[in-house]
Amino acid sequence: MLDVERWAELRREHFVRGVPIKELVRRTGLARNTIRVALRSAEPPVFRAPDRPSKLGPFKDEIHRLLSEDPKLPGVRVRELIEPLGFDGGKTIVDDYLREVRPVFLRPRTHQRTVYRPGEICQWDLWEPSRPVPVGHGQDRRAWVVVACLGYSRAGAGALIFSKEAPDVLWGMTRCLWSLGGLPELLVWDREGCLHARGGRPTEIYAAFCGQLPVGWLFCEPADPQAKGCVERLQGYIETNFEPGRRFANHLDFQLQLDDWFIKANGRTHKTLRARPVDRLEEELEVMRPLPDRAPDVDRRWVVRVPPDPHVRFDTVDYSLNPGLVGRRVEVRVSQREVMALALDTAELACRHERCFAKNRTVTALEHARKLRQRRGEPEELLVQQRPLSVYDQLIA
C-alpha cells in the first residue's frame with residue numbers, strides 16, 4: 001500500500017519529468033501493476049476495511065436500559081444480564097462501550113469555588129500514617145493524626161493520637177485549636193463514629209465539648225469529602241511532604257517533628273491563595289474568639305476500689321497504686337500524658353505516672369514498691385557503700 005507522499009512522487013516523476021514506468025520499477029522496487037494503478041488513480045490509495053456488524057450492536061438498547069436504571073452497574077454484571085439474550089462476545093468490547101456511554105447516564109457533579117470569611121470555619125479530618133509509630137519498649141503502634149485547617153487562612157495544625165475514641169479525638173482537637181490560637185465559628189467534620197450520633201447530630205460528649213468552648217458544629221453528608229476540600233488537600237500534602245524520608249524515635253519525637261513541619265508549611269506560599277497562611281492567620285485571629293482560660297476537660301475518669309494487688313489497668317498497661325490505700329476507693333484520671341489517681345475520701349494522691357503507650361507493660365513507682373515490701377515484711381534494700389572521690393584520687397596518684 002502506497003502512502004500519499006509516495007503516490008504523489010510517482011505521479012510527479014512520470015507526468016512532469018517523463019520518467020517511464022520501467023525506470024520507476026527499477027528505482028522504487030515496486031511491482032509494475034502497482035505503479036500503473038497508482039498512475040491511473042485520481043486519488044491516493046486508501047485502505048478501507050470491510051464493514052462488519054458488531055456483536056454488541058443488537059444489545060445496545062438493552063445496555064442503555066440497564067444504565068438508565070443503575071448508571072454504576074459494573075461491566076461484569078452487564079455481561080451476565082445480556083448473555084441470556086444471545087450475546088457471546090468478550091469482556092473488552094463491553095467495557096469499551098460502557099466507558100463511552102456511562103457518562104451520559106451519570107449525573108455530572110459541578111463544583112463551586114467557595115470563599116470563606118475570616119474566622120468562619122475550621123475543617124477537620126483524621127489522617128493515618130502509612131507506618132506504625134514507635135512507642136518505646138521495642139514496640140510500634142497504629143496511630144492517627146487529628147488534622148485541622150482554617151478555611152480563610154488555610155493555616156493547619158495536627159495532633160498525634162493512638163485511638164479513634166472520643167476522648168482522644170477531642171484532645172487532638174483541643175491541641176490543634178490551642179496551636180492555631182483562636183476559636184472559629186464552626187467546626188466541620190465528616191461523620192466520624194465517635195462524634196456523630198446519626199442524622200447529623202453530635203454525640204453527647206462532642207456537644208458538651210462544643211458548648212464549653214463555645215463553637216458551632218456541622219457534619220458533612222455521607223460520602224462527600226469534597227465538602228471539606230481544604231483539609232483534604234492539606235492531608236494529601238502531609239502524606240507527600242511530611243511523612244516520606246522521616247524516622248521517629250518515639251511518639252513524642254513524631255509530634256515534635258509534626259509541629260516543626262506545620263510551622264514551615266504555614267510559612268510557605270499557598271498555591272490557591274497566593275499568600276502565606278501565617279500572614280492570613282494574623283488577620284483571621286483578629287476576628288476569631290479568644291481561647292478560654294481553661295481547655296475543655298476530655299480526660300477519662302472512673303472510680304475503682306484499690307485491689308490487694310495495688311494496680312489499675314488501662315489500655316493493657318498496669319499502673320501501680322499506693323499500697324496504703326488497699327480497699328479504699330480512688331478516682332482514676334487518664335490524659336494523653338499521665339495517669340493519676342486520688343482517694344475519694346481524703347484526696348490523697350494514689351499515683352501519678354507518665355502514660356505508657358506500649359502494650360502489656362507494668363509501670364511501678366519506686367515508693368510504691370518500697371511500701372509494698374514493708375507491708376509484706378520483706379527485708380529492706382541493701383545499701384551499697386559509696387566511697388568518697390578522694391579515695392580514687394589517691395589510688396590514681
# chains A, B, ... in the order shown; residues from 1 in each chain; ligands from 1
$ residues_around --residues "region 13-15 of chain A" --least-positions-apart "6" --cutoff "12 Å" --atoms "only C-alpha atoms" --output "ChimeraX atom specification"
/A:6-7,21-25,27-28,35-36,38-40
$ atom_distance --atom1 "CA of Phe314 (chain A)" --atom2 "CA of Glu192 (chain A)"
23.8 Å
$ closest_residue --among "A:Asn241, A:Ser390, A:Gln336, A:Gln226" --to "Arg300 (chain A)" --atoms "only C-alpha atoms"
A:Gln336
$ select_by_dssp --residues "region 35-221 of chain A" --states "strand (DSSP E or B)" --output "PDB file with N, CA, C and O atoms, in the first residue's frame"
ATOM      1  N   ILE A 121     -14.780  29.243  59.647  1.00  0.00           N
ATOM      2  CA  ILE A 121     -14.883  27.788  59.622  1.00  0.00           C
ATOM      3  C   ILE A 121     -13.519  27.169  59.861  1.00  0.00           C
ATOM      4  O   ILE A 121     -12.472  27.755  59.541  1.00  0.00           O
ATOM      5  N   CYS A 122     -13.541  25.977  60.444  1.00  0.00           N
ATOM      6  CA  CYS A 122     -12.342  25.149  60.588  1.00  0.00           C
ATOM      7  C   CYS A 122     -12.732  23.726  60.235  1.00  0.00           C
ATOM      8  O   CYS A 122     -13.670  23.167  60.815  1.00  0.00           O
ATOM      9  N   GLN A 123     -12.044  23.136  59.277  1.00  0.00           N
ATOM     10  CA  GLN A 123     -12.331  21.786  58.821  1.00  0.00           C
ATOM     11  C   GLN A 123     -11.387  20.799  59.499  1.00  0.00           C
ATOM     12  O   GLN A 123     -10.225  21.109  59.769  1.00  0.00           O
ATOM     13  N   TRP A 124     -11.916  19.560  59.720  1.00  0.00           N
ATOM     14  CA  TRP A 124     -11.180  18.554  60.483  1.00  0.00           C
ATOM     15  C   TRP A 124     -11.205  17.221  59.763  1.00  0.00           C
ATOM     16  O   TRP A 124     -12.138  16.917  59.014  1.00  0.00           O
ATOM     17  N   ASP A 125     -10.168  16.434  60.030  1.00  0.00           N
ATOM     18  CA  ASP A 125     -10.121  15.081  59.472  1.00  0.00           C
ATOM     19  C   ASP A 125      -9.107  14.258  60.263  1.00  0.00           C
ATOM     20  O   ASP A 125      -8.298  14.807  61.013  1.00  0.00           O
ATOM     21  N   LEU A 126      -9.190  12.943  60.110  1.00  0.00           N
ATOM     22  CA  LEU A 126      -8.229  12.016  60.711  1.00  0.00           C
ATOM     23  C   LEU A 126      -7.356  11.440  59.604  1.00  0.00           C
ATOM     24  O   LEU A 126      -7.863  10.899  58.621  1.00  0.00           O
ATOM     25  N   TRP A 127      -6.047  11.566  59.784  1.00  0.00           N
ATOM     26  CA  TRP A 127      -5.094  11.004  58.830  1.00  0.00           C
ATOM     27  C   TRP A 127      -4.310   9.896  59.519  1.00  0.00           C
ATOM     28  O   TRP A 127      -3.820  10.055  60.627  1.00  0.00           O
ATOM     29  N   VAL A 133       3.781   3.910  64.543  1.00  0.00           N
ATOM     30  CA  VAL A 133       4.666   4.872  65.217  1.00  0.00           C
ATOM     31  C   VAL A 133       5.342   4.180  66.401  1.00  0.00           C
ATOM     32  O   VAL A 133       4.673   3.492  67.184  1.00  0.00           O
ATOM     33  N   PRO A 134       6.670   4.326  66.567  1.00  0.00           N
ATOM     34  CA  PRO A 134       7.343   3.736  67.737  1.00  0.00           C
ATOM     35  C   PRO A 134       6.831   4.346  69.041  1.00  0.00           C
ATOM     36  O   PRO A 134       6.650   5.564  69.144  1.00  0.00           O
ATOM     37  N   VAL A 135       6.613   3.480  70.043  1.00  0.00           N
ATOM     38  CA  VAL A 135       6.109   3.946  71.344  1.00  0.00           C
ATOM     39  C   VAL A 135       7.009   3.486  72.489  1.00  0.00           C
ATOM     40  O   VAL A 135       6.618   3.564  73.649  1.00  0.00           O
ATOM     41  N   GLY A 136       8.210   3.010  72.188  1.00  0.00           N
ATOM     42  CA  GLY A 136       9.115   2.556  73.228  1.00  0.00           C
ATOM     43  C   GLY A 136       8.989   1.075  73.500  1.00  0.00           C
ATOM     44  O   GLY A 136       8.052   0.403  73.052  1.00  0.00           O
ATOM     45  N   GLN A 139       8.338  -1.515  70.679  1.00  0.00           N
ATOM     46  CA  GLN A 139       7.021  -1.703  70.087  1.00  0.00           C
ATOM     47  C   GLN A 139       6.649  -0.542  69.166  1.00  0.00           C
ATOM     48  O   GLN A 139       7.066   0.595  69.374  1.00  0.00           O
ATOM     49  N   ASP A 140       5.859  -0.875  68.143  1.00  0.00           N
ATOM     50  CA  ASP A 140       5.242   0.114  67.264  1.00  0.00           C
ATOM     51  C   ASP A 140       3.732  -0.007  67.401  1.00  0.00           C
ATOM     52  O   ASP A 140       3.206  -1.079  67.698  1.00  0.00           O
ATOM     53  N   ARG A 141       3.047   1.105  67.149  1.00  0.00           N
ATOM     54  CA  ARG A 141       1.601   1.100  67.348  1.00  0.00           C
ATOM     55  C   ARG A 141       0.909   1.913  66.256  1.00  0.00           C
ATOM     56  O   ARG A 141       1.428   2.937  65.806  1.00  0.00           O
ATOM     57  N   TRP A 144      -3.091   7.753  64.553  1.00  0.00           N
ATOM     58  CA  TRP A 144      -3.805   8.696  63.696  1.00  0.00           C
ATOM     59  C   TRP A 144      -3.370  10.112  64.068  1.00  0.00           C
ATOM     60  O   TRP A 144      -2.843  10.338  65.148  1.00  0.00           O
ATOM     61  N   VAL A 145      -3.608  11.026  63.156  1.00  0.00           N
ATOM     62  CA  VAL A 145      -3.312  12.439  63.387  1.00  0.00           C
ATOM     63  C   VAL A 145      -4.598  13.227  63.166  1.00  0.00           C
ATOM     64  O   VAL A 145      -5.222  13.135  62.107  1.00  0.00           O
ATOM     65  N   VAL A 146      -4.998  13.981  64.181  1.00  0.00           N
ATOM     66  CA  VAL A 146      -6.124  14.905  64.042  1.00  0.00           C
ATOM     67  C   VAL A 146      -5.610  16.139  63.309  1.00  0.00           C
ATOM     68  O   VAL A 146      -4.714  16.832  63.796  1.00  0.00           O
ATOM     69  N   VAL A 147      -6.159  16.401  62.124  1.00  0.00           N
ATOM     70  CA  VAL A 147      -5.700  17.498  61.279  1.00  0.00           C
ATOM     71  C   VAL A 147      -6.765  18.581  61.244  1.00  0.00           C
ATOM     72  O   VAL A 147      -7.947  18.295  61.033  1.00  0.00           O
ATOM     73  N   ALA A 148      -6.345  19.826  61.458  1.00  0.00           N
ATOM     74  CA  ALA A 148      -7.235  20.991  61.418  1.00  0.00           C
ATOM     75  C   ALA A 148      -6.747  21.953  60.348  1.00  0.00           C
ATOM     76  O   ALA A 148      -5.538  22.111  60.140  1.00  0.00           O
ATOM     77  N   CYS A 149      -7.696  22.592  59.659  1.00  0.00           N
ATOM     78  CA  CYS A 149      -7.351  23.570  58.635  1.00  0.00           C
ATOM     79  C   CYS A 149      -8.392  24.688  58.653  1.00  0.00           C
ATOM     80  O   CYS A 149      -9.599  24.432  58.497  1.00  0.00           O
ATOM     81  N   LEU A 150      -7.960  25.924  58.867  1.00  0.00           N
ATOM     82  CA  LEU A 150      -8.857  27.078  58.848  1.00  0.00           C
ATOM     83  C   LEU A 150      -9.208  27.429  57.404  1.00  0.00           C
ATOM     84  O   LEU A 150      -8.340  27.429  56.522  1.00  0.00           O
ATOM     85  N   GLY A 156      -2.811  25.321  59.222  1.00  0.00           N
ATOM     86  CA  GLY A 156      -3.106  23.984  59.706  1.00  0.00           C
ATOM     87  C   GLY A 156      -2.371  23.643  60.975  1.00  0.00           C
ATOM     88  O   GLY A 156      -1.402  24.305  61.377  1.00  0.00           O
ATOM     89  N   ALA A 157      -2.843  22.567  61.623  1.00  0.00           N
ATOM     90  CA  ALA A 157      -2.215  22.034  62.830  1.00  0.00           C
ATOM     91  C   ALA A 157      -2.574  20.566  62.912  1.00  0.00           C
ATOM     92  O   ALA A 157      -3.541  20.097  62.288  1.00  0.00           O
ATOM     93  N   GLY A 158      -1.792  19.807  63.699  1.00  0.00           N
ATOM     94  CA  GLY A 158      -2.028  18.370  63.824  1.00  0.00           C
ATOM     95  C   GLY A 158      -1.635  17.865  65.193  1.00  0.00           C
ATOM     96  O   GLY A 158      -0.743  18.432  65.843  1.00  0.00           O
ATOM     97  N   ALA A 159      -2.303  16.793  65.626  1.00  0.00           N
ATOM     98  CA  ALA A 159      -2.026  16.185  66.932  1.00  0.00           C
ATOM     99  C   ALA A 159      -2.076  14.671  66.779  1.00  0.00           C
ATOM    100  O   ALA A 159      -3.037  14.130  66.212  1.00  0.00           O
ATOM    101  N   LEU A 160      -1.064  13.985  67.311  1.00  0.00           N
ATOM    102  CA  LEU A 160      -0.968  12.533  67.221  1.00  0.00           C
ATOM    103  C   LEU A 160      -1.789  11.875  68.318  1.00  0.00           C
ATOM    104  O   LEU A 160      -1.697  12.255  69.491  1.00  0.00           O
ATOM    105  N   ILE A 161      -2.587  10.876  67.947  1.00  0.00           N
ATOM    106  CA  ILE A 161      -3.368  10.095  68.910  1.00  0.00           C
ATOM    107  C   ILE A 161      -3.238   8.625  68.536  1.00  0.00           C
ATOM    108  O   ILE A 161      -2.821   8.285  67.424  1.00  0.00           O
ATOM    109  N   LEU A 183     -10.637  30.617  68.266  1.00  0.00           N
ATOM    110  CA  LEU A 183     -11.803  29.767  68.064  1.00  0.00           C
ATOM    111  C   LEU A 183     -12.573  30.219  66.832  1.00  0.00           C
ATOM    112  O   LEU A 183     -12.990  31.376  66.749  1.00  0.00           O
ATOM    113  N   LEU A 186     -17.367  27.745  63.367  1.00  0.00           N
ATOM    114  CA  LEU A 186     -17.947  26.449  63.008  1.00  0.00           C
ATOM    115  C   LEU A 186     -16.852  25.408  62.874  1.00  0.00           C
ATOM    116  O   LEU A 186     -15.800  25.673  62.278  1.00  0.00           O
ATOM    117  N   LEU A 187     -17.091  24.212  63.428  1.00  0.00           N
ATOM    118  CA  LEU A 187     -16.203  23.057  63.274  1.00  0.00           C
ATOM    119  C   LEU A 187     -16.871  22.065  62.337  1.00  0.00           C
ATOM    120  O   LEU A 187     -17.992  21.623  62.602  1.00  0.00           O
ATOM    121  N   VAL A 188     -16.191  21.713  61.247  1.00  0.00           N
ATOM    122  CA  VAL A 188     -16.763  20.846  60.208  1.00  0.00           C
ATOM    123  C   VAL A 188     -16.037  19.518  60.214  1.00  0.00           C
ATOM    124  O   VAL A 188     -14.812  19.463  60.071  1.00  0.00           O
ATOM    125  N   TRP A 189     -16.803  18.445  60.392  1.00  0.00           N
ATOM    126  CA  TRP A 189     -16.285  17.078  60.381  1.00  0.00           C
ATOM    127  C   TRP A 189     -17.083  16.256  59.372  1.00  0.00           C
ATOM    128  O   TRP A 189     -18.226  16.592  59.048  1.00  0.00           O
ATOM    129  N   HIS A 196     -20.311  11.568  65.753  1.00  0.00           N
ATOM    130  CA  HIS A 196     -21.605  11.675  65.080  1.00  0.00           C
ATOM    131  C   HIS A 196     -22.579  10.656  65.649  1.00  0.00           C
ATOM    132  O   HIS A 196     -22.252   9.480  65.801  1.00  0.00           O
ATOM    133  N   PRO A 202     -24.695  15.549  66.910  1.00  0.00           N
ATOM    134  CA  PRO A 202     -23.462  15.182  67.616  1.00  0.00           C
ATOM    135  C   PRO A 202     -23.759  14.263  68.786  1.00  0.00           C
ATOM    136  O   PRO A 202     -24.871  14.214  69.308  1.00  0.00           O
ATOM    137  N   GLY A 216     -19.739  26.296  67.043  1.00  0.00           N
ATOM    138  CA  GLY A 216     -20.782  25.533  66.361  1.00  0.00           C
ATOM    139  C   GLY A 216     -20.204  24.282  65.718  1.00  0.00           C
ATOM    140  O   GLY A 216     -18.987  24.125  65.591  1.00  0.00           O
ATOM    141  N   TRP A 217     -21.068  23.384  65.302  1.00  0.00           N
ATOM    142  CA  TRP A 217     -20.624  22.129  64.691  1.00  0.00           C
ATOM    143  C   TRP A 217     -21.456  21.861  63.442  1.00  0.00           C
ATOM    144  O   TRP A 217     -22.588  22.333  63.312  1.00  0.00           O
ATOM    145  N   LEU A 218     -20.870  21.100  62.501  1.00  0.00           N
ATOM    146  CA  LEU A 218     -21.546  20.716  61.263  1.00  0.00           C
ATOM    147  C   LEU A 218     -20.939  19.415  60.770  1.00  0.00           C
ATOM    148  O   LEU A 218     -19.712  19.260  60.758  1.00  0.00           O
ATOM    149  N   PHE A 219     -21.801  18.474  60.362  1.00  0.00           N
ATOM    150  CA  PHE A 219     -21.358  17.206  59.791  1.00  0.00           C
ATOM    151  C   PHE A 219     -21.676  17.192  58.303  1.00  0.00           C
ATOM    152  O   PHE A 219     -22.788  17.554  57.895  1.00  0.00           O
TER     153      PHE A 219
END
$ closest_residue --among "A:Gly172, A:Gly75, A:Pro222, A:Pro58" --to "Ser335 (chain A)" --atoms "only C-alpha atoms"
A:Gly172
$ residues_around --residues "region 42-54 of chain A" --least-positions-apart "4" --cutoff "12 Å" --atoms "only C-alpha atoms" --output "ChimeraX atom specification"
/A:1-11,34-38,58-60,87-90,93-94,97
$ closest_residue --among "A:Val76, A:Cys194, A:Leu273, A:Val306" --to "Leu342 (chain A)" --atoms "only C-alpha atoms"
A:Val306
$ atom_distance --atom1 "CA of Arg329 (chain A)" --atom2 "CA of Val303 (chain A)"
6.7 Å
$ residues_around --residues "Ala143 (chain A)" --least-positions-apart "3" --cutoff "7 Å" --atoms "only C-alpha atoms" --output "list in words"
Glu128, Pro129, Pro132, Val133, Ile161, Phe162 and Ser163 of chain A
$ write_last_selection --atoms "N, CA, C and O atoms" --output "mmCIF file, in the first residue's frame"
data_model
loop_
_atom_site.group_PDB
_atom_site.id
_atom_site.type_symbol
_atom_site.label_atom_id
_atom_site.label_comp_id
_atom_site.auth_asym_id
_atom_site.auth_seq_id
_atom_site.Cartn_x
_atom_site.Cartn_y
_atom_site.Cartn_z
ATOM 1 N N GLU A 128 -4.180 8.760 58.836
ATOM 2 C CA GLU A 128 -3.445 7.631 59.386
ATOM 3 C C GLU A 128 -2.095 7.504 58.689
ATOM 4 O O GLU A 128 -2.040 7.332 57.464
ATOM 5 N N PRO A 129 -0.975 7.602 59.421
ATOM 6 C CA PRO A 129 0.336 7.407 58.798
ATOM 7 C C PRO A 129 0.454 6.024 58.167
ATOM 8 O O PRO A 129 -0.212 5.068 58.585
ATOM 9 N N PRO A 132 3.312 2.206 61.382
ATOM 10 C CA PRO A 132 3.081 2.382 62.822
ATOM 11 C C PRO A 132 4.152 3.274 63.444
ATOM 12 O O PRO A 132 5.274 3.385 62.950
ATOM 13 N N VAL A 133 3.781 3.910 64.543
ATOM 14 C CA VAL A 133 4.666 4.872 65.217
ATOM 15 C C VAL A 133 5.342 4.180 66.401
ATOM 16 O O VAL A 133 4.673 3.492 67.184
ATOM 17 N N ILE A 161 -2.587 10.876 67.947
ATOM 18 C CA ILE A 161 -3.368 10.095 68.910
ATOM 19 C C ILE A 161 -3.238 8.625 68.536
ATOM 20 O O ILE A 161 -2.821 8.285 67.424
ATOM 21 N N PHE A 162 -3.642 7.747 69.485
ATOM 22 C CA PHE A 162 -3.483 6.316 69.269
ATOM 23 C C PHE A 162 -4.804 5.553 69.300
ATOM 24 O O PHE A 162 -4.809 4.334 69.387
ATOM 25 N N SER A 163 -5.906 6.245 69.246
ATOM 26 C CA SER A 163 -7.210 5.591 69.110
ATOM 27 C C SER A 163 -8.185 6.597 68.522
ATOM 28 O O SER A 163 -7.941 7.805 68.555
#
$ residues_around --residues "Ala341 (chain A)" --least-positions-apart "3" --cutoff "8 Å" --atoms "only C-alpha atoms" --output "VMD selection string"
chain A and resid 321 330 to 333 349 to 352
$ atom_distance --atom1 "CA of Pro167 (chain A)" --atom2 "CA of Phe254 (chain A)"
20.2 Å
